[in-house]
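Enquirer: Here's a structure for you.
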Amino acid sequence: MVKCALCGTPGVNKSSCPLNVKDPKPENWKKHYKAKKPRKTTTKPKHTVVSKPKRIVLKPQTIKTPVSIGRTPPARFTNSYVAKSREVSLVKRKIMESAKKTKMIILHGADLVHFHVYIKHPETFKVKLNKSPAIIKKLDEILQLILDIYISMSQKLATRVDFFTRPDPPIKRLLDMLEQTKKQLIKFIIKHRDGGGGGETVPSFTAPLDEMIGDLDLLAIDAALSTLPSVSSLAKIPTSLKTKTKGKKVGMTSTAGKRKKTRRKHHLKKTIHKREH
């Protein structure tokens, strides 16, 4: 008798066995009554075992000591340009606001000293500049450039007492820029100052600005006096004055009489000297 090779049910073969068919139907189980249905098994989630971190043991020769260990950190000194940059920012704003409101641009010595300009008496010095949109714009550019240099200097870490008096190359470049911009500001003031004649050259950048402007004013006065016509001392008195002074005693203010007496004495001395010889 034929038997199922899988379940052993007689009279059937394995082609209809539910253990062999992918989707067995109820009649398959009836024909193969000896076939046992598989039990449903629920798969439990696997528990992940957290392993302890492995301890890394480094060889002594692979451990590198940082260079900074064992050394003291660099000392920090006060950077004076931090306060200067704040002061210059406030002074610049004050100057530009005043320049827009007044008829002329007035620069005071107490304000200019903040922009690296040397003034001997800043509390009493002031200079007036001719006002125009171009002059205001140029003044704003020069003052802003000095302010930018101050801000760059304030961001440096001062590691020495003489950090700015004995500067390294980057700081020296900033100081040179500050000196050149200061000279540009002095030239601008001399050129556009009111009553200065315009186009005057700066005689010296090392002299105080107030003394420099005072000297330029004196030179301008001397030049103006030299253009006046000279009056001869031997000029004839107008007839109109003679008629007015007729019969009146007029005080002698000239030294003509004294010169005549001196000539007479000198002539007598010469004649006496010739007679003796």
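Labels for the structure tokens follow display order: chains A, B, ..., residues from 1 in each chain, ligands from 1.
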Which polymer residues have any atom within 9 Å of an atom of Thr181 (chain A), counting only C-alpha atoms, with same-chain residues fewer than 2 positions away left out, as a CSV table (one decimal) with N, CA and C atoms, in the first residue's frame?

Expert:
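File produced: out_11.csv:
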chain,number,residue,atom,x,y,z
A,142,ILE,N,38.8,110.9,7.8
A,142,ILE,CA,40.0,111.0,8.5
A,142,ILE,C,39.8,110.5,9.9
A,143,LEU,N,38.8,111.1,10.6
A,143,LEU,CA,38.6,110.8,12.0
A,143,LEU,C,38.2,109.3,12.1
A,145,LEU,N,39.2,106.8,10.2
A,145,LEU,CA,40.4,106.0,10.0
A,145,LEU,C,41.2,105.9,11.3
A,146,ILE,N,41.3,107.1,12.0
A,146,ILE,CA,42.1,107.1,13.3
A,146,ILE,C,41.3,106.2,14.3
A,176,ASP,N,52.6,103.3,12.7
A,176,ASP,CA,53.0,104.1,11.5
A,176,ASP,C,51.8,104.6,10.8
A,177,MET,N,50.7,103.8,10.7
A,177,MET,CA,49.5,104.2,10.0
A,177,MET,C,48.8,105.4,10.8
A,178,LEU,N,48.9,105.2,12.2
A,178,LEU,CA,48.3,106.3,13.0
A,178,LEU,C,49.1,107.6,12.9
A,179,GLU,N,50.4,107.5,12.7
A,179,GLU,CA,51.2,108.7,12.6
A,179,GLU,C,50.9,109.4,11.2
A,183,LYS,N,49.2,113.2,10.5
A,183,LYS,CA,49.7,114.2,9.6
A,183,LYS,C,48.7,114.6,8.5
A,184,GLN,N,47.9,113.7,8.1
A,184,GLN,CA,46.9,114.0,7.1
A,184,GLN,C,45.8,114.9,7.7
A,185,LEU,N,45.5,114.7,9.0
A,185,LEU,CA,44.5,115.5,9.6
A,185,LEU,C,45.1,116.9,9.8
A,186,ILE,N,46.4,117.1,10.2
A,186,ILE,CA,47.0,118.4,10.4
A,186,ILE,C,47.0,119.2,9.1

Enquirer: Give me, as JSON lines, each residue of region 118-167 of chain A that comes within 9 Å of region 210-216 of chain A, together with its shortest interatomic pair and the distance in Å at one decimal, counting only C-alpha atoms, with rows ordered by chain and rising residue number.

Expert:
{"residue": "A:Tyr118", "atom": "CA", "partner": "A:Asp210", "partner_atom": "CA", "distance": 8.7}
{"residue": "A:Ile119", "atom": "CA", "partner": "A:Asp210", "partner_atom": "CA", "distance": 5.9}
{"residue": "A:Lys120", "atom": "CA", "partner": "A:Asp210", "partner_atom": "CA", "distance": 6.7}
{"residue": "A:His121", "atom": "CA", "partner": "A:Asp210", "partner_atom": "CA", "distance": 7.2}
{"residue": "A:Pro122", "atom": "CA", "partner": "A:Asp210", "partner_atom": "CA", "distance": 8.1}
{"residue": "A:Phe125", "atom": "CA", "partner": "A:Asp210", "partner_atom": "CA", "distance": 6.5}
{"residue": "A:Lys126", "atom": "CA", "partner": "A:Asp210", "partner_atom": "CA", "distance": 8.3}
{"residue": "A:Val127", "atom": "CA", "partner": "A:Asp210", "partner_atom": "CA", "distance": 8.8}

Enquirer: Please save C-alpha atoms of the selected residues as a short mmCIF file (atom, residue, chain, number, x, y, z; two decimals), in the first residue's frame.

Expert:
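result.cif, freshly written:
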data_model
loop_
_atom_site.label_atom_id
_atom_site.label_comp_id
_atom_site.auth_asym_id
_atom_site.auth_seq_id
_atom_site.Cartn_x
_atom_site.Cartn_y
_atom_site.Cartn_z
CA TYR A 118 49.96 117.42 19.81
CA ILE A 119 48.65 120.75 21.18
CA LYS A 120 50.53 122.75 23.81
CA HIS A 121 47.48 124.50 25.29
CA PRO A 122 44.48 122.35 24.34
CA PHE A 125 42.86 126.37 21.53
CA LYS A 126 40.19 126.21 18.83
CA VAL A 127 40.27 126.49 15.05
#

Enquirer: Need the shell around Leu129 (chain A): protein/DNA/RNA residues with any atom at most 8 Å away, counting only C-alpha atoms. Skip same-chain ones fewer than 2 positions apart. Format as JSON, numbers by chain?

Expert: {"A": [104, 105, 106, 107, 127, 131, 189, 192, 193, 194]}

Enquirer: Do a neighbour search on region 153-163 of chain A at 12 Å with only C-alpha atoms, toss out local chain neighbours closer than 5 positions, and write the hits as a list in words.

Expert: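 Surrounding residues, per the criterion: Pro73, Pro74, Ala75, Arg76, Phe77, Thr78, Asn79, Ser80, Tyr81, Val82, Ala83, Lys84, Ser85, Arg86, Ile146, Leu147, Asp148, Asp168, Pro169, Pro170, Ile171, Lys172, Arg173, Leu174, Leu175, Met177 and Leu178 of chain A.
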
Enquirer: Between CA of Ser16 (chain A) and CA of Asn28 (chain A), what is the distance in Å, rounded to a tenth?

Expert: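 One can read the CA of Ser16 (chain A) to CA of Asn28 (chain A) distance as 6.2 Å.
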
Enquirer: Calculated over only C-alpha atoms, which of the candidates A:Asn20, A:Thr206, A:Thr201, A:Thr124 has the smallest distance to His108 (chain A)?

Expert: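 Smallest distance to His108 (chain A) is found for A:Thr124.
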
Enquirer: Neighbours of Leu139 (chain A) within 9 Å (only C-alpha atoms; same-chain residues fewer than 4 positions away dropped), as a list in words?

Expert: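 Neighbouring residues, sequence-local ones excluded: Met96, Ala134, Ile135, Leu143, Gln144, Leu185 and Phe188 of chain A.
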
Enquirer: Can I get the selected residues back with C-alpha atoms, as a PDB file, in the first residue's frame?

Expert:
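What follows is the written file out_23.pdb:
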ATOM      1  CA  MET A  96      30.427 115.517  13.422  1.00  0.00           C
ATOM      2  CA  ALA A 134      32.995 117.790   0.717  1.00  0.00           C
ATOM      3  CA  ILE A 135      34.959 119.112   3.724  1.00  0.00           C
ATOM      4  CA  LEU A 143      38.572 110.771  11.991  1.00  0.00           C
ATOM      5  CA  GLN A 144      37.016 107.367  11.257  1.00  0.00           C
ATOM      6  CA  LEU A 185      44.530 115.517   9.648  1.00  0.00           C
ATOM      7  CA  PHE A 188      43.556 119.122   6.309  1.00  0.00           C
TER       8      PHE A 188
END

Enquirer: Can you work out the spacing between CA of Cys17 (chain A) and CA of Ala35 (chain A) in Å, to one decimal?

Expert: 7.8 Å

Enquirer: Return the single residue from A:Ile151, A:Lys30, A:Glu97, A:Lys92 that is closest to Asp111 (chain A), with distances computed using only C-alpha atoms.

Expert: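 Under the stated criterion, the closest residue is A:Lys92.
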
Enquirer: If you run DSSP on the backbone here, which positions in region 70-227 of chain A get strand (DSSP E or B)? Please write them as a list in words.

Expert: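 Residues meeting the strand (DSSP E or B) criterion: Ile105, Ile106, Leu107, His108, Lys126, Val127, Lys128, Leu129 and Arg193 of chain A.
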
Enquirer: Find the spatial neighbours of region 5-10 of chain A, counting only C-alpha atoms, within a cut-off of 7 Å - ignore same-chain residues fewer than 3 positions away - and output them as an mmCIF file with N, CA and C atoms, in the first residue's frame.

Expert:
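Written output follows (out_39.cif):
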data_model
loop_
_atom_site.group_PDB
_atom_site.id
_atom_site.type_symbol
_atom_site.label_atom_id
_atom_site.label_comp_id
_atom_site.auth_asym_id
_atom_site.auth_seq_id
_atom_site.Cartn_x
_atom_site.Cartn_y
_atom_site.Cartn_z
ATOM 1 N N MET A 1 0.871 -1.186 0.000
ATOM 2 C CA MET A 1 0.000 0.000 0.000
ATOM 3 C C MET A 1 0.904 1.231 0.000
ATOM 4 N N VAL A 2 0.448 2.270 -0.776
ATOM 5 C CA VAL A 2 1.227 3.515 -0.877
ATOM 6 C C VAL A 2 1.020 4.332 0.398
ATOM 7 N N ASN A 13 -0.009 10.247 -1.374
ATOM 8 C CA ASN A 13 1.428 10.533 -1.560
ATOM 9 C C ASN A 13 1.756 11.941 -1.023
ATOM 10 N N LYS A 14 3.022 12.272 -1.070
ATOM 11 C CA LYS A 14 3.477 13.521 -0.424
ATOM 12 C C LYS A 14 3.142 14.782 -1.237
ATOM 13 N N HIS A 32 -4.399 13.661 4.877
ATOM 14 C CA HIS A 32 -3.186 13.300 5.621
ATOM 15 C C HIS A 32 -3.448 13.529 7.106
ATOM 16 N N TYR A 33 -4.255 12.645 7.663
ATOM 17 C CA TYR A 33 -4.683 12.785 9.048
ATOM 18 C C TYR A 33 -3.554 12.548 10.042
ATOM 19 N N LYS A 34 -2.494 11.852 9.559
ATOM 20 C CA LYS A 34 -1.380 11.627 10.472
ATOM 21 C C LYS A 34 -0.399 12.833 10.538
ATOM 22 N N ALA A 35 -0.590 13.776 9.631
ATOM 23 C CA ALA A 35 0.270 14.963 9.650
ATOM 24 C C ALA A 35 -0.098 15.849 10.829
#
